[in-house]
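Novice: This one is structure.txt, compact mmCIF, C-alpha atoms.
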```txt
# COMPACT_ATOMS: atom_id res chain seq x y z
CA MET A 1 2.30 -2.52 13.51
CA GLU A 2 3.97 -5.58 14.88
CA ARG A 3 4.48 -5.57 18.64
CA ALA A 4 8.22 -6.22 18.82
CA ALA A 5 11.17 -5.75 21.08
CA GLN A 6 13.62 -4.59 18.45
CA ILE A 7 17.40 -4.49 18.59
CA GLY A 8 18.97 -1.91 16.26
CA LEU A 9 16.41 -2.12 13.45
CA THR A 10 18.19 0.28 11.11
CA ARG A 11 19.81 -1.63 8.29
CA ARG A 12 23.31 -0.33 7.71
CA ARG A 13 23.09 0.75 4.14
CA VAL A 14 21.55 3.50 2.05
CA LEU A 15 18.09 2.58 0.76
CA ALA A 16 16.95 4.17 -2.46
CA THR A 17 13.29 4.63 -1.52
CA GLY A 18 10.68 7.26 -0.79
CA ALA A 19 10.52 9.85 1.96
CA ALA A 20 10.43 7.37 4.84
CA PHE A 21 13.30 5.42 3.35
CA GLY A 22 15.71 8.01 1.88
CA ALA A 23 15.97 9.81 -1.43
CA GLY A 24 15.38 7.71 -4.56
CA ALA A 25 17.40 7.78 -7.74
CA THR A 26 18.34 5.53 -10.60
CA HIS A 27 21.82 4.17 -9.94
CA ALA A 28 23.89 3.15 -12.94
CA VAL A 29 26.20 0.24 -12.28
CA ALA A 30 29.73 1.42 -12.97
CA ASP A 31 31.60 -1.88 -12.91
CA ALA A 32 33.19 -2.97 -16.19
CA PRO A 33 35.31 -5.90 -17.35
CA ALA A 34 39.04 -5.72 -16.89
CA ALA A 35 39.53 -5.15 -20.62
CA GLY A 36 37.27 -4.04 -23.45
CA ALA A 37 33.78 -2.61 -23.46
CA ALA A 38 31.07 -3.90 -21.14
CA PRO A 39 29.21 -6.80 -22.79
CA PHE A 40 25.81 -5.33 -21.95
CA ALA A 41 24.27 -2.11 -20.67
CA HIS A 42 23.19 -2.35 -17.05
CA SER A 43 21.77 -0.51 -14.05
CA GLY A 44 20.51 -1.43 -10.58
CA ARG A 45 21.77 -2.07 -7.04
CA LEU A 46 24.83 -4.31 -6.66
CA GLU A 47 24.33 -5.36 -3.06
CA GLN A 48 22.83 -8.18 -1.04
CA GLY A 49 19.10 -8.12 -1.65
CA GLY A 50 19.55 -5.93 -4.72
CA VAL A 51 18.99 -6.33 -8.42
CA LEU A 52 20.75 -5.85 -11.75
CA TYR A 53 18.89 -4.89 -14.91
CA GLY A 54 20.61 -5.64 -18.20
CA LEU A 55 20.09 -4.81 -21.86
CA THR A 56 21.51 -7.09 -24.55
CA ALA A 57 20.43 -8.72 -27.81
CA PRO A 58 16.77 -9.76 -28.08
CA ASN A 59 16.06 -13.20 -26.61
CA ALA A 60 19.75 -13.76 -25.73
CA PRO A 61 20.33 -16.61 -23.26
CA ILE A 62 21.51 -15.49 -19.81
CA ALA A 63 23.70 -17.30 -17.27
CA VAL A 64 24.44 -16.27 -13.68
CA ASP A 65 27.47 -17.76 -11.93
CA GLY A 66 27.65 -20.43 -14.62
CA LYS A 67 24.01 -21.48 -14.32
CA PRO A 68 21.50 -20.86 -17.16
CA GLN A 69 18.80 -18.41 -16.04
CA GLY A 70 16.44 -18.06 -18.98
CA ALA A 71 16.75 -15.44 -21.67
CA ALA A 72 16.38 -11.73 -22.24
CA SER A 73 13.05 -10.39 -23.46
CA SER A 74 12.22 -9.68 -27.10
CA SER A 75 13.64 -6.19 -26.57
CA GLY A 76 16.80 -7.52 -24.89
CA LEU A 77 15.97 -6.68 -21.26
CA PHE A 78 16.77 -9.06 -18.42
CA VAL A 79 16.88 -9.00 -14.63
CA VAL A 80 19.15 -10.72 -12.10
CA GLY A 81 18.56 -10.71 -8.33
CA PHE A 82 21.12 -11.02 -5.53
CA ASP A 83 20.02 -12.98 -2.48
CA ARG A 84 20.02 -11.67 1.10
CA ASP A 85 23.10 -13.81 1.68
CA ALA A 86 24.67 -13.41 -1.76
CA PRO A 87 28.44 -14.01 -1.98
CA PRO A 88 30.74 -11.03 -2.55
CA ALA A 89 31.00 -11.50 -6.31
CA ALA A 90 28.71 -12.51 -9.16
CA THR A 91 29.29 -13.25 -12.84
CA VAL A 92 26.59 -12.51 -15.40
CA ALA A 93 27.00 -13.81 -18.95
CA VAL A 94 25.02 -13.26 -22.16
CA TRP A 95 25.21 -15.36 -25.32
CA ARG A 96 26.40 -12.98 -28.00
CA GLY A 97 27.99 -13.60 -31.38
CA GLY A 98 28.20 -17.34 -30.86
CA ALA A 99 30.00 -17.11 -27.50
CA TRP A 100 29.38 -16.21 -23.87
CA ALA A 101 30.28 -12.61 -22.97
CA GLU A 102 30.84 -12.38 -19.20
CA GLN A 103 30.99 -9.54 -16.73
CA SER A 104 31.88 -9.83 -13.05
CA PHE A 105 30.41 -7.64 -10.32
CA ALA A 106 31.31 -6.98 -6.69
CA ILE A 107 28.25 -7.40 -4.46
CA ALA A 108 28.25 -5.11 -1.45
CA PRO A 109 27.49 -6.79 1.89
CA ALA A 110 24.73 -5.73 4.26
CA ALA A 111 24.62 -5.99 8.06
CA TYR A 112 21.43 -7.51 9.47
CA ASP A 113 20.24 -6.89 12.98
CA ILE A 114 18.16 -9.05 15.35
CA GLN A 115 14.45 -8.56 15.99
CA LYS A 116 12.57 -10.19 18.86
CA ILE A 117 8.79 -10.66 18.69
CA ASP A 118 6.89 -12.15 21.61
CA GLY A 119 3.26 -12.95 22.32
CA LEU A 120 2.58 -14.94 19.15
CA PRO A 121 0.33 -18.03 19.23
CA GLN A 122 2.78 -20.91 19.63
CA GLN A 123 1.23 -22.86 16.74
CA MET A 124 2.29 -19.96 14.50
CA VAL A 125 5.88 -20.25 15.73
CA THR A 126 6.43 -24.01 15.73
CA ALA A 127 3.42 -26.03 14.62
CA THR A 128 2.72 -29.34 16.37
CA ASP A 129 -1.00 -29.69 15.63
CA PRO A 130 -1.41 -32.11 12.69
CA ALA A 131 -4.18 -29.96 11.20
CA VAL A 132 -1.95 -26.88 11.30
CA ILE A 133 1.00 -28.78 9.80
CA ALA A 134 -1.24 -30.05 6.99
CA ARG A 135 -2.50 -26.55 6.29
CA GLU A 136 1.02 -25.11 6.19
CA LYS A 137 2.08 -27.83 3.74
CA ALA A 138 -0.90 -27.12 1.47
CA ASP A 139 -0.13 -23.40 1.54
CA ALA A 140 3.50 -24.12 0.66
CA VAL A 141 2.41 -26.10 -2.42
CA LEU A 142 0.27 -23.18 -3.63
CA LYS A 143 3.14 -20.73 -3.19
CA ALA A 144 5.71 -23.00 -4.83
CA ARG A 145 3.56 -23.25 -7.95
CA ALA A 146 3.28 -19.48 -8.11
CA PHE A 147 7.01 -18.93 -7.53
CA ALA A 148 7.69 -21.16 -10.54
CA SER A 149 6.14 -18.51 -12.82
CA ARG A 150 8.43 -17.10 -15.51
CA ALA A 151 6.10 -14.68 -17.28
CA PRO A 152 7.55 -13.58 -20.66
CA ILE A 153 7.05 -9.91 -19.86
CA GLU A 154 9.32 -7.03 -18.86
CA ASP A 155 7.06 -5.10 -16.51
CA PHE A 156 10.04 -4.34 -14.26
CA ARG A 157 11.52 -2.03 -16.88
CA GLY A 158 10.05 1.24 -15.58
CA GLY A 159 10.92 0.65 -11.92
CA PHE A 160 8.80 0.38 -8.79
CA VAL A 161 6.92 2.69 -6.44
CA LEU A 162 5.87 2.08 -2.84
CA PRO A 163 2.75 -0.09 -2.46
CA LEU A 164 1.31 2.17 0.26
CA ASP A 165 0.90 5.93 0.51
CA HIS A 166 2.92 7.41 3.41
CA PRO A 167 3.81 4.09 5.11
CA VAL A 168 5.67 3.74 8.40
CA ARG A 169 8.37 1.08 8.21
CA THR A 170 8.38 -1.10 11.33
CA SER A 171 10.84 -3.77 10.17
CA PRO A 172 13.50 -3.66 7.47
CA PHE A 173 14.43 -6.50 5.16
CA GLY A 174 16.69 -9.28 6.35
CA VAL A 175 16.60 -9.01 10.14
CA GLN A 176 17.16 -12.23 12.07
CA ARG A 177 13.88 -13.10 13.78
CA VAL A 178 13.51 -14.49 17.30
CA LEU A 179 9.86 -15.48 17.83
CA ASN A 180 8.64 -16.24 21.34
CA GLY A 181 12.29 -16.74 22.23
CA GLU A 182 12.99 -19.19 19.38
CA PRO A 183 15.55 -18.22 16.68
CA LYS A 184 13.85 -18.47 13.29
CA ALA A 185 14.61 -17.79 9.64
CA PRO A 186 15.40 -14.21 8.65
CA HIS A 187 12.53 -11.89 7.85
CA TYR A 188 12.53 -11.62 4.08
CA GLY A 189 10.10 -8.72 3.89
CA VAL A 190 9.75 -5.03 4.64
CA ASP A 191 6.94 -4.35 7.13
CA LEU A 192 4.91 -1.22 6.47
CA ALA A 193 2.45 -0.25 9.19
CA ALA A 194 -0.92 1.18 8.19
CA PRO A 195 -4.53 0.98 9.45
CA VAL A 196 -6.70 -1.96 8.44
CA GLY A 197 -8.40 -1.11 5.16
CA THR A 198 -5.58 1.05 3.76
CA PRO A 199 -5.43 0.52 -0.03
CA ILE A 200 -2.46 -1.43 -1.41
CA HIS A 201 -1.28 -0.51 -4.91
CA ALA A 202 0.75 -2.57 -7.36
CA PRO A 203 4.23 -0.96 -7.33
CA ALA A 204 4.80 -2.01 -10.96
CA PRO A 205 2.79 -3.68 -13.71
CA GLY A 206 2.66 -7.45 -13.73
CA LEU A 207 0.76 -10.70 -13.86
CA VAL A 208 -1.04 -11.92 -10.73
CA VAL A 209 0.10 -15.51 -10.19
CA LEU A 210 -1.46 -16.11 -6.77
CA ALA A 211 -4.37 -14.52 -4.92
CA GLU A 212 -5.38 -16.37 -1.76
CA PRO A 213 -7.56 -14.68 0.87
CA ASP A 214 -6.64 -16.63 4.01
CA LEU A 215 -3.40 -18.60 4.21
CA TYR A 216 -2.37 -19.75 7.67
CA LEU A 217 0.78 -17.66 8.23
CA ASP A 218 0.46 -15.14 5.39
CA GLY A 219 -3.23 -14.25 5.67
CA GLY A 220 -4.50 -12.62 2.49
CA LEU A 221 -1.65 -13.11 0.00
CA THR A 222 -1.10 -11.80 -3.51
CA LEU A 223 1.91 -12.62 -5.73
CA ILE A 224 2.70 -10.61 -8.87
CA ASP A 225 5.20 -11.71 -11.53
CA HIS A 226 6.81 -8.63 -13.08
CA GLY A 227 8.69 -10.71 -15.63
CA GLN A 228 11.32 -13.45 -15.76
CA GLY A 229 10.51 -14.67 -12.26
CA LEU A 230 10.81 -11.32 -10.46
CA ILE A 231 7.85 -11.81 -8.12
CA SER A 232 6.56 -9.41 -5.47
CA MET A 233 4.43 -10.49 -2.50
CA TYR A 234 1.81 -8.77 -0.33
CA LEU A 235 0.97 -10.48 2.97
CA HIS A 236 -1.65 -10.18 5.73
CA GLN A 237 -4.30 -8.48 3.57
CA SER A 238 -7.82 -8.11 4.89
CA ARG A 239 -9.26 -8.09 1.35
CA LEU A 240 -7.99 -9.02 -2.10
CA ASP A 241 -9.13 -7.04 -5.13
CA VAL A 242 -7.42 -9.07 -7.87
CA THR A 243 -7.49 -12.68 -9.05
CA ALA A 244 -4.85 -15.07 -10.39
CA GLY A 245 -4.28 -14.63 -14.12
CA GLU A 246 -5.12 -10.92 -14.07
CA ARG A 247 -2.74 -8.30 -15.47
CA VAL A 248 -2.36 -5.23 -13.25
CA ALA A 249 -1.07 -1.75 -13.95
CA GLN A 250 1.31 0.26 -11.79
CA ARG A 251 -0.58 1.90 -8.89
CA GLN A 252 -3.68 -0.23 -9.51
CA PRO A 253 -5.41 -1.17 -6.21
CA ILE A 254 -4.83 -4.86 -5.44
CA GLY A 255 -6.19 -5.17 -1.90
CA LEU A 256 -6.42 -3.73 1.60
CA VAL A 257 -4.04 -3.79 4.58
CA GLY A 258 -5.01 -6.24 7.31
CA MET A 259 -3.54 -8.37 10.08
CA LYS A 260 -4.50 -11.88 9.02
CA GLY A 261 -2.08 -14.72 9.61
CA ARG A 262 1.01 -14.34 11.80
CA ALA A 263 0.75 -10.66 12.65
CA THR A 264 0.47 -8.77 15.92
CA GLY A 265 -0.92 -5.62 14.35
CA PRO A 266 -2.15 -4.18 11.04
CA HIS A 267 0.60 -3.89 8.44
CA LEU A 268 1.68 -4.93 4.97
CA CYS A 269 4.60 -7.31 4.70
CA TRP A 270 6.08 -6.54 1.26
CA ARG A 271 8.44 -9.16 -0.16
CA MET A 272 10.19 -9.98 -3.40
CA LYS A 273 11.97 -12.96 -4.97
CA TRP A 274 13.91 -13.49 -8.15
CA ARG A 275 13.58 -17.19 -8.85
CA ASP A 276 14.96 -18.81 -5.65
CA ARG A 277 16.60 -15.65 -4.29
CA ASN A 278 15.13 -13.38 -1.60
CA LEU A 279 15.37 -9.67 -2.46
CA ASP A 280 14.80 -6.40 -0.62
CA PRO A 281 11.83 -4.78 -2.39
CA SER A 282 12.70 -1.35 -1.01
CA LEU A 283 15.87 -1.41 -3.13
CA MET A 284 13.70 -1.44 -6.27
CA ILE A 285 12.45 2.07 -5.55
CA GLY A 286 14.28 4.55 -7.75
CA THR A 287 15.90 1.95 -10.01
CA ALA A 288 14.90 1.24 -13.60
CA ALA A 289 16.15 -0.83 -16.51
CA PRO A 290 18.58 0.75 -19.00
CA THR A 291 17.15 2.11 -22.24
CA ALA A 292 20.33 2.05 -24.34
```
Now, as a test, write the supplied structure out as structure tokens.

Specialist:
Amino acid sequence: MERAAQIGLTRRRVLATGAAFGAGATHAVADAPAAGAAPFAHSGRLEQGGVLYGLTAPNAPIAVDGKPQGAASSSGLFVVGFDRDAPPAATVAVWRGGAWAEQSFAIAPAAYDIQKIDGLPQQMVTATDPAVIAREKADAVLKARAFASRAPIEDFRGGFVLPLDHPVRTSPFGVQRVLNGEPKAPHYGVDLAAPVGTPIHAPAPGLVVLAEPDLYLDGGLTLIDHGQGLISMYLHQSRLDVTAGERVAQRQPIGLVGMKGRATGPHLCWRMKWRDRNLDPSLMIGTAAPTA
């Protein structure tokens, strides 16, 4: 558990997660165009840090806010993520019948609190040592290559489960971090406290795109692509049990909880990105892609 002086850590929204996080359920997205039928079936969480799952024609091109974002799978499934700081509206379009069919969605805002953490080694807050700076840059290159993955799979379709059994959440997604008194970037993960050696399970099937045992800030780090650039991350592990290029099944052990890297106690930092957008992984619990 991270040793932190925390200010109002409860995130002001309903989380669809397990027992420690609130009751889970699949939430259908009710928004529809102003006129006519919705251009695609959809489900998910329309809020900052959330996700939309869509079902359209097989391999149909997808655009989000006017920018091409790949294509649906061979069965027509696609996923769109909404960043921590997403604007209040988003437009998703699919290429159908020789034209773009658009649908607009209102994205609910979230309130993010402030979290203060003291007692960290200063080189892990603001690096000045050339060796540390070089190591951080090398780690960033490894992660950037992995984040570029766009696996042609749809392993997100069945939804996600928690990566730990009976975790204790010590930090929610999105809080503004103040480290050793210095304001830093928001915390883009959900911290789940557990003893060193607690098994970590893949919350959904996917392709392992990075498995590094000892990065400077992240410690033991695994990245899993669940399809179309929806990538989950598992930080601070004491041991990794998978390798890059390996396919994993839901609930398969992938490693053990640790406190390597920038951590003041044993915990799993669980993160998720969709392409360049930071998502709240806890919002994936209880959501699944539409089937019709």

Novice: Write out as JSON, numbers by chain the residues lying within 6 Å of range 172-182 of chain A, counting only C-alpha atoms and excluding same-chain residues fewer than 6 positions away.

Specialist: {"A": [112, 113, 114, 115, 116, 117, 118, 188, 189, 190, 280]}

Novice: Taking all atoms listed in the file into account, name the residue in A:Cys269, A:Ala144, A:Leu230, A:Leu164 that is nearest to Val51 in chain A.

Specialist: A:Leu230

Novice: Give the answer as one residue: which of A:Leu210, A:Pro253, A:Ala63, A:Gly245 has the shortest atom-to-atom distance to Arg145 in chain A, using all atoms listed in the file?

Specialist: A:Leu210

Novice: With a distance cut-off of 10 Å and only C-alpha atoms, select the neighbouring residues of Glu212 in chain A, excluding the residue or stretch itself and same-chain residues fewer than 6 positions from it, and output the selection as a PyMOL selection string.

Specialist: chain A and resi 139+142-143+218-223+235+237+239-240+242-244

Novice: Env of Gly227 in chain A: 10 Å cut, atoms = only C-alpha atoms, seq-sep filter 2 positions within chain, self excluded. Answer as a ChimeraX atom specification.

Specialist: /A:73,78-79,149-157,205-207,224-225,229-231,274

Novice: Between CA of Ala111 in chain A and CA of Gly49 in chain A, what distance in Å does the model show, to one decimal?

Specialist: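 Here the two named atoms are 11.4 Å from each other.
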
Novice: Just the residues within 9 Å of Ser75 in chain A, please, counting all atoms listed in the file, with nothing from its chain fewer than 6 positions along; format it as a PyMOL selection string.

Specialist: chain A and resi 55-59+154

Novice: Just want the 7 Å neighbourhood of Thr198 in chain A, counted on all atoms listed in the file, with same-chain residues fewer than 3 positions away dropped. Output as a PyMOL selection string.

Specialist: chain A and resi 194-195+256-257

Novice: From the list A:Pro68, A:Pro39, A:Pro203, A:Gly50, which residue is nearest Gly97 in chain A when using only C-alpha atoms?

Specialist: A:Pro39

Novice: Determine the nearest neighbour of Gly98 in chain A from the options A:His226, A:Gly255, A:Ala60, A:Gly44, counting only C-alpha atoms.

Specialist: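 Between A:His226, A:Gly255, A:Ala60, A:Gly44, the residue approaching Gly98 in chain A most closely is A:Ala60.
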
Novice: Between A:Ile200, A:Ala134, A:Ala140, A:Ala89, which residue has the minimum interatomic distance to Val64 in chain A, considering all atoms listed in the file?

Specialist: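 Smallest separation from Val64 in chain A among the options: A:Ala89.
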
Novice: Which distance in Å separates CA of Ser74 in chain A and CA of Val94 in chain A, to one decimal?

Specialist: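 Separation of CA of Ser74 in chain A and CA of Val94 in chain A: 14.2 Å.
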
Novice: What's the separation between CA of Ala146 in chain A and CA of Pro281 in chain A, in Å to one decimal place?

Specialist: 17.9 Å

Novice: Hey, can you pull every residue with an atom no more than 10 Å from (0.0, -0.8, -5.6), using all atoms listed in the file, and send it as a list in words?

Specialist: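 The answer, in the requested form, is Phe160, Val161, Leu162, Pro163, Leu164, Asp165, Pro199, Ile200, His201, Ala202, Pro203, Ala204, Pro205, Tyr234, Val248, Ala249, Gln250, Arg251, Gln252, Pro253, Ile254 and Gly255 of chain A.
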
Novice: Taking into account only C-alpha atoms, which residue in the set A:Ala185, A:Val168, A:Ile285, A:Ala110 is nearest to Glu47 in chain A?

Specialist: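 The answer is A:Ala110, which sits nearest to Glu47 in chain A.
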
Novice: Dig up all the protein and nucleic acid residues within 10 Å of (20.8, -13.3, -6.3) in the file frame, using only C-alpha atoms, and format them as a count of residues only.

Specialist: 26

Novice: Missing atoms in range 58-69 of chain A: can you complete it with all heavy atoms, as a PDB file, keeping the file's coordinate frame?

Specialist:
```pdb
ATOM      1  N   PRO A  58      18.078  -9.155 -28.323  1.00  0.00           N
ATOM      2  CA  PRO A  58      16.770  -9.760 -28.080  1.00  0.00           C
ATOM      3  C   PRO A  58      16.858 -11.277 -27.906  1.00  0.00           C
ATOM      4  O   PRO A  58      17.556 -11.967 -28.660  1.00  0.00           O
ATOM      5  CB  PRO A  58      15.971  -9.398 -29.340  1.00  0.00           C
ATOM      6  CG  PRO A  58      16.612  -8.144 -29.842  1.00  0.00           C
ATOM      7  CD  PRO A  58      18.075  -8.299 -29.530  1.00  0.00           C
ATOM      8  N   ASN A  59      16.187 -11.760 -26.873  1.00  0.00           N
ATOM      9  CA  ASN A  59      16.060 -13.200 -26.610  1.00  0.00           C
ATOM     10  C   ASN A  59      17.389 -13.903 -26.337  1.00  0.00           C
ATOM     11  O   ASN A  59      17.469 -15.131 -26.397  1.00  0.00           O
ATOM     12  CB  ASN A  59      15.342 -13.894 -27.770  1.00  0.00           C
ATOM     13  CG  ASN A  59      13.998 -13.271 -28.085  1.00  0.00           C
ATOM     14  OD1 ASN A  59      13.165 -13.099 -27.191  1.00  0.00           O
ATOM     15  ND2 ASN A  59      13.791 -12.904 -29.339  1.00  0.00           N
ATOM     16  N   ALA A  60      18.443 -13.151 -25.999  1.00  0.00           N
ATOM     17  CA  ALA A  60      19.750 -13.760 -25.730  1.00  0.00           C
ATOM     18  C   ALA A  60      19.701 -14.596 -24.464  1.00  0.00           C
ATOM     19  O   ALA A  60      19.186 -14.141 -23.434  1.00  0.00           O
ATOM     20  CB  ALA A  60      20.814 -12.676 -25.603  1.00  0.00           C
ATOM     21  N   PRO A  61      20.237 -15.811 -24.485  1.00  0.00           N
ATOM     22  CA  PRO A  61      20.330 -16.610 -23.260  1.00  0.00           C
ATOM     23  C   PRO A  61      21.191 -15.913 -22.209  1.00  0.00           C
ATOM     24  O   PRO A  61      22.164 -15.228 -22.540  1.00  0.00           O
ATOM     25  CB  PRO A  61      20.973 -17.914 -23.732  1.00  0.00           C
ATOM     26  CG  PRO A  61      20.650 -17.990 -25.185  1.00  0.00           C
ATOM     27  CD  PRO A  61      20.688 -16.564 -25.668  1.00  0.00           C
ATOM     28  N   ILE A  62      20.822 -16.115 -20.947  1.00  0.00           N
ATOM     29  CA  ILE A  62      21.510 -15.490 -19.810  1.00  0.00           C
ATOM     30  C   ILE A  62      21.998 -16.590 -18.875  1.00  0.00           C
ATOM     31  O   ILE A  62      21.314 -17.588 -18.653  1.00  0.00           O
ATOM     32  CB  ILE A  62      20.555 -14.545 -19.038  1.00  0.00           C
ATOM     33  CG1 ILE A  62      19.892 -13.541 -19.985  1.00  0.00           C
ATOM     34  CG2 ILE A  62      21.298 -13.828 -17.915  1.00  0.00           C
ATOM     35  CD1 ILE A  62      20.852 -12.607 -20.680  1.00  0.00           C
ATOM     36  N   ALA A  63      23.192 -16.396 -18.301  1.00  0.00           N
ATOM     37  CA  ALA A  63      23.700 -17.300 -17.270  1.00  0.00           C
ATOM     38  C   ALA A  63      24.200 -16.460 -16.099  1.00  0.00           C
ATOM     39  O   ALA A  63      24.749 -15.370 -16.298  1.00  0.00           O
ATOM     40  CB  ALA A  63      24.817 -18.172 -17.812  1.00  0.00           C
ATOM     41  N   VAL A  64      23.992 -16.955 -14.896  1.00  0.00           N
ATOM     42  CA  VAL A  64      24.440 -16.270 -13.680  1.00  0.00           C
ATOM     43  C   VAL A  64      25.285 -17.251 -12.882  1.00  0.00           C
ATOM     44  O   VAL A  64      24.811 -18.334 -12.528  1.00  0.00           O
ATOM     45  CB  VAL A  64      23.253 -15.765 -12.836  1.00  0.00           C
ATOM     46  CG1 VAL A  64      23.750 -15.054 -11.586  1.00  0.00           C
ATOM     47  CG2 VAL A  64      22.373 -14.833 -13.659  1.00  0.00           C
ATOM     48  N   ASP A  65      26.535 -16.881 -12.648  1.00  0.00           N
ATOM     49  CA  ASP A  65      27.470 -17.760 -11.930  1.00  0.00           C
ATOM     50  C   ASP A  65      27.516 -19.148 -12.546  1.00  0.00           C
ATOM     51  O   ASP A  65      27.534 -20.177 -11.859  1.00  0.00           O
ATOM     52  CB  ASP A  65      27.104 -17.825 -10.446  1.00  0.00           C
ATOM     53  CG  ASP A  65      27.216 -16.468  -9.768  1.00  0.00           C
ATOM     54  OD1 ASP A  65      28.109 -15.676 -10.144  1.00  0.00           O
ATOM     55  OD2 ASP A  65      26.406 -16.183  -8.855  1.00  0.00           O
ATOM     56  N   GLY A  66      27.518 -19.181 -13.887  1.00  0.00           N
ATOM     57  CA  GLY A  66      27.650 -20.430 -14.620  1.00  0.00           C
ATOM     58  C   GLY A  66      26.387 -21.242 -14.765  1.00  0.00           C
ATOM     59  O   GLY A  66      26.411 -22.316 -15.365  1.00  0.00           O
ATOM     60  N   LYS A  67      25.264 -20.740 -14.253  1.00  0.00           N
ATOM     61  CA  LYS A  67      24.010 -21.480 -14.320  1.00  0.00           C
ATOM     62  C   LYS A  67      23.040 -20.783 -15.267  1.00  0.00           C
ATOM     63  O   LYS A  67      22.786 -19.574 -15.115  1.00  0.00           O
ATOM     64  CB  LYS A  67      23.378 -21.572 -12.924  1.00  0.00           C
ATOM     65  CG  LYS A  67      22.055 -22.320 -12.892  1.00  0.00           C
ATOM     66  CD  LYS A  67      21.481 -22.346 -11.479  1.00  0.00           C
ATOM     67  CE  LYS A  67      20.147 -23.056 -11.416  1.00  0.00           C
ATOM     68  NZ  LYS A  67      19.583 -23.078 -10.045  1.00  0.00           N
ATOM     69  N   PRO A  68      22.476 -21.478 -16.263  1.00  0.00           N
ATOM     70  CA  PRO A  68      21.500 -20.860 -17.160  1.00  0.00           C
ATOM     71  C   PRO A  68      20.316 -20.285 -16.378  1.00  0.00           C
ATOM     72  O   PRO A  68      19.795 -20.946 -15.468  1.00  0.00           O
ATOM     73  CB  PRO A  68      21.062 -22.015 -18.066  1.00  0.00           C
ATOM     74  CG  PRO A  68      22.191 -22.984 -18.019  1.00  0.00           C
ATOM     75  CD  PRO A  68      22.744 -22.895 -16.615  1.00  0.00           C
ATOM     76  N   GLN A  69      19.910 -19.070 -16.740  1.00  0.00           N
ATOM     77  CA  GLN A  69      18.800 -18.410 -16.040  1.00  0.00           C
ATOM     78  C   GLN A  69      17.862 -17.767 -17.056  1.00  0.00           C
ATOM     79  O   GLN A  69      17.548 -16.585 -16.983  1.00  0.00           O
ATOM     80  CB  GLN A  69      19.323 -17.362 -15.058  1.00  0.00           C
ATOM     81  CG  GLN A  69      20.094 -17.930 -13.879  1.00  0.00           C
ATOM     82  CD  GLN A  69      19.212 -18.628 -12.861  1.00  0.00           C
ATOM     83  OE1 GLN A  69      18.012 -18.816 -13.065  1.00  0.00           O
ATOM     84  NE2 GLN A  69      19.788 -19.043 -11.736  1.00  0.00           N
TER      85      GLN A  69
END
```
